[in-house]
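Printed here is final03.cif (mmCIF, C-alpha atoms and all ligand atoms):
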```cif
data_work
loop_
_atom_site.label_atom_id
_atom_site.label_comp_id
_atom_site.auth_asym_id
_atom_site.auth_seq_id
_atom_site.Cartn_x
_atom_site.Cartn_y
_atom_site.Cartn_z
CA MET A 1 229.48 230.08 46.09
CA ALA A 2 229.66 229.99 49.88
CA GLY A 3 227.91 227.12 51.61
CA GLN A 4 224.27 227.79 52.39
CA THR A 5 222.11 226.44 55.20
CA ILE A 6 218.74 224.97 54.31
CA ALA A 7 216.64 224.27 57.38
CA VAL A 8 213.71 221.86 57.26
CA LEU A 9 211.31 222.10 60.19
CA GLY A 10 209.38 218.92 60.98
CA GLY A 11 210.46 215.31 60.59
CA GLY A 12 207.16 213.92 59.36
CA TRP A 13 206.18 212.66 55.91
CA GLY A 14 206.84 216.00 54.18
CA GLY A 15 209.90 217.14 56.12
CA LEU A 16 211.74 213.81 55.74
CA THR A 17 211.01 213.81 52.01
CA ALA A 18 212.30 217.37 51.68
CA ALA A 19 215.49 216.78 53.67
CA ASN A 20 216.34 213.66 51.65
CA ALA A 21 215.66 215.40 48.34
CA LEU A 22 217.77 218.42 49.29
CA ARG A 23 220.66 216.22 50.35
CA THR A 24 220.54 214.39 47.01
CA LEU A 25 220.33 217.60 45.01
CA LEU A 26 222.97 219.70 46.76
CA PRO A 27 226.71 219.14 47.21
CA ASP A 28 228.09 218.69 50.72
CA GLU A 29 229.29 222.28 51.11
CA HIS A 30 225.63 223.19 51.74
CA ARG A 31 224.09 222.21 55.06
CA VAL A 32 220.74 220.45 55.25
CA VAL A 33 219.47 220.72 58.83
CA LEU A 34 216.34 218.87 59.94
CA VAL A 35 214.76 220.12 63.18
CA THR A 36 212.01 217.99 64.68
CA LYS A 37 210.70 217.20 68.12
CA SER A 38 210.17 213.47 67.70
CA PRO A 39 213.19 211.14 67.42
CA THR A 40 211.11 208.59 65.50
CA PHE A 41 208.82 208.42 62.48
CA CYS A 42 206.05 206.05 61.54
CA VAL A 43 203.75 206.15 58.53
CA PRO A 44 200.52 207.51 60.07
CA PHE A 45 198.12 205.22 58.23
CA SER A 46 199.62 202.30 60.15
CA ASN A 47 197.53 203.57 63.11
CA LEU A 48 194.62 201.82 61.42
CA TRP A 49 196.45 198.51 61.58
CA VAL A 50 197.35 199.13 65.22
CA MET A 51 193.68 199.81 65.94
CA THR A 52 192.53 196.50 64.41
CA GLY A 53 195.38 194.51 65.99
CA GLU A 54 196.77 193.50 62.58
CA ARG A 55 199.83 195.27 63.98
CA ALA A 56 199.72 194.22 67.62
CA ASP A 57 202.81 196.20 68.63
CA PRO A 58 202.34 199.96 68.02
CA LYS A 59 206.13 200.42 67.95
CA ALA A 60 206.63 197.94 65.11
CA GLY A 61 206.19 200.60 62.42
CA GLU A 62 208.45 203.18 64.10
CA ARG A 63 211.91 204.06 62.79
CA PRO A 64 214.55 206.33 64.41
CA ILE A 65 215.38 209.42 62.37
CA GLN A 66 218.89 209.83 63.75
CA GLY A 67 220.25 207.53 61.02
CA LEU A 68 219.72 210.38 58.54
CA SER A 69 222.98 211.88 59.77
CA GLN A 70 224.74 209.07 57.87
CA ARG A 71 223.22 210.52 54.70
CA GLY A 72 224.74 213.92 55.48
CA ILE A 73 221.62 215.47 56.99
CA GLU A 74 222.14 217.26 60.32
CA VAL A 75 219.40 216.06 62.65
CA VAL A 76 218.38 218.27 65.58
CA VAL A 77 215.79 216.74 67.89
CA ASP A 78 214.29 219.80 69.52
CA GLU A 79 211.08 221.78 69.65
CA VAL A 80 210.68 224.70 67.28
CA GLN A 81 209.26 227.63 69.24
CA GLY A 82 209.26 230.44 66.72
CA ILE A 83 210.39 231.60 63.29
CA ASP A 84 211.81 235.06 62.64
CA VAL A 85 211.50 235.60 58.91
CA LEU A 86 213.18 239.01 59.02
CA ARG A 87 216.30 237.78 60.82
CA LYS A 88 216.08 234.44 58.95
CA SER A 89 216.34 232.42 62.11
CA VAL A 90 214.49 229.66 63.93
CA ARG A 91 214.21 229.59 67.71
CA THR A 92 214.13 226.16 69.31
CA ALA A 93 213.88 225.18 72.97
CA ALA A 94 217.68 224.87 73.19
CA ALA A 95 219.19 227.15 70.54
CA GLU A 96 218.80 229.48 67.59
CA LEU A 97 219.45 228.42 64.01
CA GLY A 98 220.10 230.80 61.14
CA TYR A 99 219.02 229.76 57.65
CA ASP A 100 219.42 230.83 54.05
CA TYR A 101 216.36 228.88 52.94
CA LEU A 102 213.59 227.40 55.06
CA ILE A 103 211.02 224.66 54.50
CA VAL A 104 208.28 224.61 57.12
CA ALA A 105 206.76 221.13 57.43
CA LEU A 106 205.43 221.18 60.98
CA GLY A 107 202.11 219.52 60.18
CA ALA A 108 198.91 220.01 62.15
CA ASP A 109 198.48 219.86 65.93
CA TYR A 110 195.40 218.47 67.64
CA ALA A 111 193.13 220.58 69.84
CA PRO A 112 190.79 218.12 71.60
CA GLU A 113 190.07 220.81 74.21
CA GLN A 114 187.96 222.63 71.62
CA VAL A 115 185.29 219.97 72.21
CA PRO A 116 184.43 219.64 75.91
CA GLY A 117 184.60 216.00 76.98
CA PHE A 118 186.57 214.81 73.92
CA SER A 119 189.79 213.98 75.81
CA GLU A 120 187.94 212.10 78.54
CA ALA A 121 185.56 210.18 76.29
CA ALA A 122 187.22 209.54 72.93
CA PHE A 123 190.06 207.35 71.74
CA ASN A 124 192.14 209.52 69.43
CA LEU A 125 192.74 207.36 66.35
CA TYR A 126 195.17 209.96 64.99
CA GLU A 127 197.73 209.34 67.75
CA SER A 128 199.61 206.11 68.08
CA ALA A 129 198.70 205.79 71.80
CA GLY A 130 195.03 206.30 70.97
CA ALA A 131 195.16 203.72 68.19
CA TYR A 132 196.68 201.19 70.60
CA ALA A 133 194.10 201.98 73.29
CA LEU A 134 191.44 201.31 70.65
CA GLN A 135 192.99 197.92 69.90
CA VAL A 136 192.57 197.00 73.57
CA ALA A 137 189.07 198.49 73.82
CA LEU A 138 187.87 196.66 70.70
CA SER A 139 189.27 193.38 71.98
CA GLU A 140 187.16 193.84 75.14
CA PHE A 141 184.06 195.14 73.37
CA GLU A 142 181.04 192.81 73.66
CA GLN A 143 178.05 194.93 72.68
CA GLY A 144 176.81 198.46 72.18
CA ARG A 145 177.27 201.46 69.92
CA VAL A 146 180.59 202.35 68.31
CA VAL A 147 180.72 205.90 66.99
CA VAL A 148 183.39 207.29 64.67
CA LEU A 149 183.29 211.04 65.25
CA ILE A 150 184.91 213.66 63.01
CA ALA A 151 184.97 216.70 65.25
CA ARG A 152 185.82 219.54 62.85
CA MET A 153 187.07 220.32 59.37
CA PRO A 154 189.75 220.36 58.13
CA PHE A 155 191.22 217.06 59.24
CA LYS A 156 194.04 214.93 57.82
CA CYS A 157 193.36 212.24 55.27
CA PRO A 158 189.72 212.54 54.22
CA ALA A 159 189.44 208.76 53.89
CA ALA A 160 190.89 207.65 57.25
CA PRO A 161 187.75 207.98 59.44
CA TYR A 162 185.77 205.97 56.88
CA GLU A 163 188.48 203.34 56.76
CA ALA A 164 188.25 203.22 60.56
CA ALA A 165 184.51 202.53 60.35
CA PHE A 166 184.97 199.72 57.80
CA LEU A 167 187.72 198.17 59.90
CA VAL A 168 185.81 198.42 63.20
CA ASP A 169 182.88 196.70 61.49
CA ALA A 170 185.20 193.88 60.39
CA VAL A 171 186.84 193.49 63.83
CA LEU A 172 183.41 193.11 65.41
CA GLN A 173 182.37 190.57 62.73
CA ILE A 174 185.47 188.49 63.39
CA LYS A 175 184.82 188.63 67.15
CA GLY A 176 181.29 187.40 66.49
CA VAL A 177 179.65 190.38 68.23
CA ARG A 178 178.60 192.45 65.22
CA ASP A 179 174.92 191.51 65.60
CA ARG A 180 175.00 193.01 69.10
CA ALA A 181 176.71 196.21 67.94
CA GLU A 182 175.90 199.34 65.98
CA VAL A 183 178.58 201.21 64.03
CA ALA A 184 177.94 204.83 63.05
CA VAL A 185 179.88 207.76 61.57
CA TYR A 186 179.07 211.37 62.52
CA THR A 187 180.71 214.17 60.57
CA PRO A 188 180.32 217.87 59.80
CA GLU A 189 180.94 217.04 56.11
CA PRO A 190 177.96 217.01 53.72
CA GLN A 191 179.16 213.66 52.29
CA PRO A 192 182.26 211.44 52.59
CA MET A 193 185.32 213.11 51.05
CA PRO A 194 183.44 216.13 49.66
CA VAL A 195 186.57 217.48 48.00
CA ALA A 196 186.55 214.50 45.62
CA GLY A 197 183.05 215.16 44.31
CA ARG A 198 179.57 213.70 44.51
CA ALA A 199 180.29 210.38 42.75
CA VAL A 200 183.08 209.44 45.16
CA GLY A 201 180.89 210.37 48.12
CA GLU A 202 178.00 208.26 46.86
CA ALA A 203 180.27 205.28 46.26
CA LEU A 204 181.54 205.48 49.83
CA GLU A 205 178.04 205.92 51.25
CA LYS A 206 177.03 202.78 49.36
CA LEU A 207 179.96 200.83 50.82
CA LEU A 208 178.99 202.02 54.32
CA ALA A 209 175.34 201.05 53.81
CA GLU A 210 176.28 197.59 52.48
CA ARG A 211 178.04 196.94 55.77
CA GLY A 212 175.22 198.28 57.90
CA ILE A 213 177.27 201.30 59.02
CA ALA A 214 174.98 204.24 59.76
CA TYR A 215 176.05 207.58 58.35
CA PHE A 216 175.16 211.00 59.79
CA PRO A 217 176.56 213.92 57.75
CA LYS A 218 176.31 217.65 58.59
CA ARG A 219 176.71 216.99 62.31
CA SER A 220 178.82 219.48 64.21
CA VAL A 221 179.71 218.22 67.70
CA GLN A 222 179.14 220.71 70.49
CA ARG A 223 180.18 218.67 73.53
CA ILE A 224 180.58 215.13 74.79
CA ASP A 225 179.36 213.89 78.15
CA PRO A 226 181.87 211.21 79.21
CA VAL A 227 179.70 210.03 82.12
CA ALA A 228 176.31 209.81 80.39
CA ARG A 229 178.18 208.70 77.22
CA THR A 230 176.33 211.02 74.91
CA ILE A 231 177.40 213.40 72.14
CA ALA A 232 175.56 216.70 71.67
CA PHE A 233 175.39 218.18 68.16
CA GLY A 234 174.45 221.62 66.88
CA ASP A 235 172.98 223.71 69.68
CA GLY A 236 172.58 220.62 71.80
CA GLU A 237 169.17 219.70 70.40
CA GLU A 238 170.46 216.32 69.07
CA GLN A 239 171.96 213.95 71.66
CA VAL A 240 173.25 210.55 70.61
CA PRO A 241 174.59 207.70 72.75
CA PHE A 242 177.86 205.82 72.35
CA ASP A 243 179.63 202.98 74.13
CA LEU A 244 182.96 203.28 72.33
CA LEU A 245 184.06 206.53 70.71
CA VAL A 246 186.65 206.65 67.90
CA GLY A 247 187.57 210.33 67.75
CA ILE A 248 189.15 212.54 65.10
CA PRO A 249 190.05 215.68 67.10
CA PRO A 250 189.99 219.28 65.84
CA HIS A 251 193.19 220.19 63.97
CA VAL A 252 195.06 223.48 64.47
CA PRO A 253 198.39 224.86 63.20
CA PRO A 254 201.32 224.38 65.59
CA PRO A 255 201.94 227.47 67.76
CA ALA A 256 205.50 227.78 66.38
CA VAL A 257 204.15 229.05 63.04
CA ARG A 258 201.86 231.72 64.49
CA GLU A 259 203.80 234.53 62.77
CA LEU A 260 203.33 232.90 59.35
CA LEU A 261 199.59 232.23 59.41
CA GLY A 262 197.50 233.69 56.62
CA PRO A 263 193.85 234.79 56.54
CA ARG A 264 192.64 231.19 56.16
CA GLY A 265 194.20 230.17 59.48
CA TRP A 266 197.04 228.09 58.02
CA ILE A 267 200.16 229.07 56.02
CA SER A 268 199.30 230.40 52.57
CA VAL A 269 201.63 229.31 49.78
CA ASP A 270 201.95 229.61 46.04
CA ALA A 271 199.97 226.53 44.98
CA GLU A 272 202.63 225.50 42.46
CA THR A 273 206.02 226.52 43.91
CA MET A 274 205.18 226.13 47.64
CA GLU A 275 206.82 229.46 48.36
CA THR A 276 205.29 231.67 51.06
CA GLU A 277 205.10 235.44 50.95
CA HIS A 278 208.24 235.53 53.11
CA GLU A 279 211.58 235.67 51.39
CA ARG A 280 213.20 232.24 51.00
CA VAL A 281 210.55 230.57 53.13
CA PHE A 282 208.64 227.59 51.68
CA ALA A 283 205.91 225.60 53.43
CA ILE A 284 204.52 222.16 52.59
CA GLY A 285 201.99 219.62 53.77
CA ASP A 286 199.41 219.84 56.52
CA VAL A 287 200.58 223.20 57.87
CA THR A 288 199.53 224.91 54.61
CA VAL A 289 196.20 225.75 53.04
CA ILE A 290 195.65 225.66 49.27
CA PRO A 291 192.17 226.65 48.11
CA LEU A 292 191.03 224.66 45.07
CA LYS A 293 189.00 225.91 42.13
CA HIS A 294 185.69 224.81 43.70
CA GLY A 295 186.51 226.59 46.96
CA LEU A 296 187.33 223.64 49.21
CA PRO A 297 190.95 223.29 50.37
CA LEU A 298 193.39 220.68 49.10
CA PRO A 299 193.12 217.77 51.57
CA LYS A 300 195.76 217.39 54.23
CA ALA A 301 197.45 214.20 53.04
CA GLY A 302 200.90 212.68 53.03
CA VAL A 303 200.81 212.08 49.31
CA PHE A 304 200.61 215.84 48.79
CA ALA A 305 203.12 216.68 51.53
CA ALA A 306 205.66 214.40 49.83
CA ALA A 307 205.05 215.74 46.31
CA GLN A 308 205.25 219.32 47.57
CA ALA A 309 208.45 218.49 49.44
CA GLU A 310 210.12 217.39 46.20
CA VAL A 311 208.99 220.58 44.48
CA ALA A 312 210.18 222.88 47.27
CA ALA A 313 213.52 221.04 47.47
CA ARG A 314 214.11 221.31 43.72
CA ASN A 315 213.21 224.98 43.66
CA ILE A 316 215.56 225.74 46.54
CA ALA A 317 218.38 223.63 45.11
CA ALA A 318 218.09 225.42 41.76
CA ARG A 319 218.33 228.82 43.43
CA VAL A 320 221.24 227.79 45.63
CA ARG A 321 223.04 226.78 42.44
CA GLY A 322 222.17 230.12 40.84
CA ARG A 323 219.70 228.61 38.38
CA VAL A 324 216.11 229.45 37.56
CA SER A 325 213.72 227.28 39.52
CA SER A 326 210.89 225.88 37.45
CA GLU A 327 209.56 222.95 39.43
CA ARG A 328 205.77 223.02 39.88
CA PHE A 329 203.37 220.99 42.05
CA ASP A 330 200.55 219.88 39.74
CA GLY A 331 197.86 218.83 42.24
CA GLN A 332 198.02 215.16 41.29
CA GLY A 333 197.21 212.73 44.11
CA PHE A 334 195.94 209.28 45.04
CA CYS A 335 194.76 207.31 48.05
CA TYR A 336 194.00 203.77 49.08
CA ILE A 337 190.78 203.35 51.05
CA GLU A 338 190.72 200.19 53.13
CA VAL A 339 187.30 198.63 53.33
CA ALA A 340 188.39 195.52 55.32
CA ASP A 341 188.27 191.83 54.35
CA GLY A 342 191.61 192.19 52.56
CA LEU A 343 190.27 194.83 50.18
CA ALA A 344 191.03 198.48 49.44
CA ALA A 345 189.53 200.95 46.97
CA TYR A 346 191.79 203.36 45.11
CA GLY A 347 191.17 207.01 44.29
CA ASP A 348 193.30 208.92 41.84
CA GLY A 349 193.19 212.23 40.03
CA ASN A 350 194.07 215.88 39.72
CA PHE A 351 192.93 218.14 42.53
CA TYR A 352 193.90 221.29 40.62
CA ALA A 353 191.50 220.52 37.77
CA ASP A 354 189.14 223.34 36.80
CA PRO A 355 186.28 223.76 37.75
CA ALA A 356 186.64 220.90 40.31
CA PRO A 357 189.01 218.03 41.13
CA ALA A 358 188.77 215.19 38.62
CA ILE A 359 188.94 212.08 40.79
CA THR A 360 188.21 208.49 39.83
CA LEU A 361 187.45 205.91 42.51
CA PHE A 362 188.32 202.36 41.53
CA PRO A 363 186.35 199.58 43.29
CA PRO A 364 187.88 197.64 46.17
CA SER A 365 190.35 194.91 45.24
CA TYR A 366 192.93 192.70 46.93
CA GLU A 367 195.59 194.25 44.68
CA TYR A 368 195.08 197.74 46.16
CA PHE A 369 195.11 196.25 49.66
CA VAL A 370 198.53 194.70 48.97
CA GLN A 371 199.79 197.89 47.31
CA LYS A 372 198.98 199.90 50.45
CA ARG A 373 201.10 197.60 52.60
CA ALA A 374 203.96 197.77 50.09
CA TRP A 375 203.59 201.57 50.06
CA GLU A 376 204.29 201.77 53.79
CA LYS A 377 207.47 199.72 53.35
CA ASN A 378 208.60 201.88 50.42
CA ILE A 379 208.00 205.10 52.33
CA LEU A 380 210.03 203.87 55.30
CA LEU A 381 212.83 202.57 53.07
CA SER A 382 213.12 205.76 51.05
CA LEU A 383 212.89 208.19 53.97
CA LEU A 384 215.00 206.50 56.65
C1 LIG A 401 195.27 207.55 60.71
C2 LIG A 401 195.83 208.34 59.56
C3 LIG A 401 195.79 207.81 58.28
C4 LIG A 401 196.30 208.52 57.20
N1 LIG A 401 196.29 207.96 55.96
C5 LIG A 401 196.83 208.61 54.92
C6 LIG A 401 196.89 208.00 53.63
O1 LIG A 401 196.44 206.87 53.44
N2 LIG A 401 197.41 208.72 52.62
C7 LIG A 401 197.90 209.98 52.79
O2 LIG A 401 198.38 210.58 51.82
N3 LIG A 401 197.88 210.58 54.00
C8 LIG A 401 197.36 209.93 55.06
N4 LIG A 401 197.32 210.52 56.30
C9 LIG A 401 197.69 211.94 56.44
C10 LIG A 401 199.19 212.12 56.52
O3 LIG A 401 199.72 211.35 57.56
C11 LIG A 401 199.55 213.58 56.72
O4 LIG A 401 198.84 214.37 55.82
C12 LIG A 401 201.04 213.77 56.52
O5 LIG A 401 201.73 213.11 57.55
C13 LIG A 401 201.40 215.24 56.48
O6 LIG A 401 202.78 215.39 56.42
P1 LIG A 401 203.47 216.68 57.08
O7 LIG A 401 204.92 216.52 56.88
O8 LIG A 401 202.81 217.91 56.59
O9 LIG A 401 203.10 216.58 58.62
P2 LIG A 401 203.50 215.44 59.65
O10 LIG A 401 203.77 214.16 58.95
O11 LIG A 401 202.44 215.44 60.69
O12 LIG A 401 204.86 215.94 60.27
C14 LIG A 401 204.96 217.05 61.12
C15 LIG A 401 206.23 216.89 61.93
O13 LIG A 401 206.53 218.10 62.63
C16 LIG A 401 206.91 217.78 63.95
N5 LIG A 401 206.59 218.95 64.77
C17 LIG A 401 205.38 219.51 65.01
N6 LIG A 401 205.52 220.61 65.77
C18 LIG A 401 206.83 220.73 66.04
C19 LIG A 401 207.61 221.69 66.76
N7 LIG A 401 207.05 222.73 67.39
N8 LIG A 401 208.94 221.51 66.82
C20 LIG A 401 209.54 220.46 66.17
N9 LIG A 401 208.87 219.55 65.47
C21 LIG A 401 207.53 219.68 65.41
C22 LIG A 401 206.07 216.55 64.28
O14 LIG A 401 206.61 215.84 65.37
C23 LIG A 401 206.16 215.80 62.97
O15 LIG A 401 207.33 215.04 62.92
C24 LIG A 401 196.85 209.81 57.41
C25 LIG A 401 196.90 210.35 58.70
C26 LIG A 401 196.41 209.62 59.77
C27 LIG A 401 196.49 210.21 61.15
#
```

Could I get this structure in the form of structure tokens?
Amino acid sequence: MAGQTIAVLGGGWGGLTAANALRTLLPDEHRVVLVTKSPTFCVPFSNLWVMTGERADPKAGERPIQGLSQRGIEVVVDEVQGIDVLRKSVRTAAAELGYDYLIVALGADYAPEQVPGFSEAAFNLYESAGAYALQVALSEFEQGRVVVLIARMPFKCPAAPYEAAFLVDAVLQIKGVRDRAEVAVYTPEPQPMPVAGRAVGEALEKLLAERGIAYFPKRSVQRIDPVARTIAFGDGEEQVPFDLLVGIPPHVPPPAVRELLGPRGWISVDAETMETEHERVFAIGDVTVIPLKHGLPLPKAGVFAAAQAEVAARNIAARVRGRVSSERFDGQGFCYIEVADGLAAYGDGNFYADPAPAITLFPPSYEYFVQKRAWEKNILLSLL
């Protein structure tokens, strides 16, 4: 069979997993081309460690992706601008790339402009520069009100904002200023991690309360006043003050996938095969939406992006080799939730369970804390 070109768009957690899997599964006559705009990768949850200062240098967790070319993956560092599914081609800033099979793994973009005042007032924890700016701001913080603000749903990693609150609390304790500070979380969610069910939410609310972290669910931010340092919720009837704002910005699909968006605003896929409605086009990770049995979407999380990447890669490799593809994503997932003081909780379960995800949350332990650090190392080692 003639050599085929499999293009992977996006060099994040999902795209790197997919490109590596494809290269392992397919002989060299087939091209695996990775197109991504960033020449480096870091495991996003390390932003939390940058924020606390545990990782003083924000670059310490970064790795160049160019080395993948030694594994036989063609790396193109360029911006994807559009995808033509009829002509089977991808337009980038510099060129056009034809493909036989495509995996779209372009993640989610941030749209802070959707909330007036967000960019001026908030430190964006979800970007490495924002996490570093938070490290500096926390080191200078002496007293006042720290607010962790989830602007909109959906957002990546349902646990990360709560981890941020636990860790901020601990940083302020260690500095000896916690008794002069308030820490509060505001979110549009009805409870922490609603997708995981009531019991998980209650366990997290208890952990927040034990640390004196105030929790304000069902709050939809309308605007932020960076001068008065207030956040307006709802129609503006509730105004709350802040001195330091840890922000989770609104998430939107990257403009390059505009032609592929489904009715739910993200790319719709077969929940098991990761195939889109477009011929030979698969999509994985944060750029997709998968409604679960109870109606909420599958969370945007790296653990799912990676598992879906393996599935998409195996299905494509089977077809390239003229075989029947039978690989299925089963909705299984886990997460470590850092609660500070050298402890992390662990959640695990099946998100495709009917009628609702069956998730168990294991109490915080030092073992899970250590496992999370080892996980980062393993991800970096396996992907780059
Ligand atoms: C602070 C934080 C903590 C987190 N903690 C966890 C955790 O503990 N567990 C977990 O499972 N998940 C966690 N996540 C979520 C996880 O990082 C994401 O869900 C995961 O990275 C999604 O993978 P992806 O490949 O879909 O997207 P991404 O990893 O975001 O990759 C998208 C890639 O596409 C590239 N790209 C975007 N647009 C273009 C374009 N136009 N042209 C070219 N390239 C482009 C980007 O540069 C990027 O390389 C966390 C996220 C954050 C921010």

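Each of A:Leu381, A:Ala170, A:Pro254, A:Ala196 was compared to Asp348 in chain A using only C-alpha atoms, and A:Ala196 turns out to be the nearest.
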
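Of the listed residues (A:Lys59, A:Lys218, A:Arg91, A:Lys37), A:Lys37 comes nearest to ligand LIG 401 (chain A); the distances count all atoms listed in the file.
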
Nearby polymer residues, ligand LIG 401 (chain A), at most 6 Å, all atoms listed in the file, as a PyMOL selection string: chain A and resi 10-15+36-38+44-45+47-48+78-81+105-108+126+156-157+160+254+256+285-287+300-303+305+335-336

What does the distance between CA of Glu127 in chain A and CA of Pro249 in chain A come to in Å, to one decimal place?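 Going from CA of Glu127 in chain A over to CA of Pro249 in chain A covers 10.0 Å.
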
Would you kindly identify which residues have an atom no farther than 10 Å from (186.8, 214.4, 79.4), using all atoms listed in the file and the file's own coordinates, and write them out as a ChimeraX atom specification? /A:112-113,115-122,223-227

From (184.2, 204.0, 70.4), in the file's coordinates, out to 8 Å: which residues are reached, counting only C-alpha atoms? Answer as number ranges by chain. A: 122-123, 134, 145-148, 242-247

For Gln173 in chain A, the nearest of the candidates A:Ala340, A:Ile6, A:Val324, A:Ala111, counting only C-alpha atoms: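 When distances to Gln173 in chain A are compared using only C-alpha atoms, the smallest one comes from A:Ala340.
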
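Checking A:His30, A:Arg328, A:Lys372, A:His251 one by one against Met153 in chain A, counting only C-alpha atoms, you find the shortest gap at A:His251.
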
Grab the CA of Tyr346 in chain A to CA of Thr360 in chain A distance for me, in Å with one decimal place.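 A separation of 8.2 Å between them.
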
So that I can see what lies close to Pro194 in chain A, please list as a CSV table (one decimal) with C-alpha atoms, in the coordinates of the input the residues with an atom at most 12 Å from it, counting only C-alpha atoms and leaving out residues fewer than 4 positions away in the same chain.
```
chain,number,residue,atom,x,y,z
A,153,MET,CA,187.1,220.3,59.4
A,154,PRO,CA,189.8,220.4,58.1
A,158,PRO,CA,189.7,212.5,54.2
A,159,ALA,CA,189.4,208.8,53.9
A,187,THR,CA,180.7,214.2,60.6
A,188,PRO,CA,180.3,217.9,59.8
A,189,GLU,CA,180.9,217.0,56.1
A,190,PRO,CA,178.0,217.0,53.7
A,198,ARG,CA,179.6,213.7,44.5
A,199,ALA,CA,180.3,210.4,42.8
A,200,VAL,CA,183.1,209.4,45.2
A,201,GLY,CA,180.9,210.4,48.1
A,202,GLU,CA,178.0,208.3,46.9
A,203,ALA,CA,180.3,205.3,46.3
A,204,LEU,CA,181.5,205.5,49.8
A,205,GLU,CA,178.0,205.9,51.2
A,217,PRO,CA,176.6,213.9,57.8
A,218,LYS,CA,176.3,217.6,58.6
A,294,HIS,CA,185.7,224.8,43.7
A,295,GLY,CA,186.5,226.6,47.0
A,296,LEU,CA,187.3,223.6,49.2
A,297,PRO,CA,191.0,223.3,50.4
A,298,LEU,CA,193.4,220.7,49.1
A,299,PRO,CA,193.1,217.8,51.6
A,356,ALA,CA,186.6,220.9,40.3
A,357,PRO,CA,189.0,218.0,41.1
A,359,ILE,CA,188.9,212.1,40.8
```

Considering all atoms listed in the file, can you say which of A:Val289, A:Ile150, A:Val177, A:Ala358 comes closest to Leu260 in chain A?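 Ranking A:Val289, A:Ile150, A:Val177, A:Ala358 by distance to Leu260 in chain A, first place goes to A:Val289.
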
What lies within 9 Å of Ser382 in chain A using all atoms listed in the file, ignoring chain neighbours under 3 positions off, as a PDB file with C-alpha atoms, keeping the file's coordinate frame?
```pdb
ATOM      1  CA  THR A  17     211.010 213.810  52.010  1.00  0.00           C
ATOM      2  CA  ASN A  20     216.340 213.660  51.650  1.00  0.00           C
ATOM      3  CA  LYS A 377     207.470 199.720  53.350  1.00  0.00           C
ATOM      4  CA  ASN A 378     208.600 201.880  50.420  1.00  0.00           C
ATOM      5  CA  ILE A 379     208.000 205.100  52.330  1.00  0.00           C
TER       6      ILE A 379
END
```

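With distances restricted to all atoms listed in the file, A:Phe351 is the closest residue to Gln332 in chain A from A:Phe351, A:Arg314, A:Ser46, A:Asp179.
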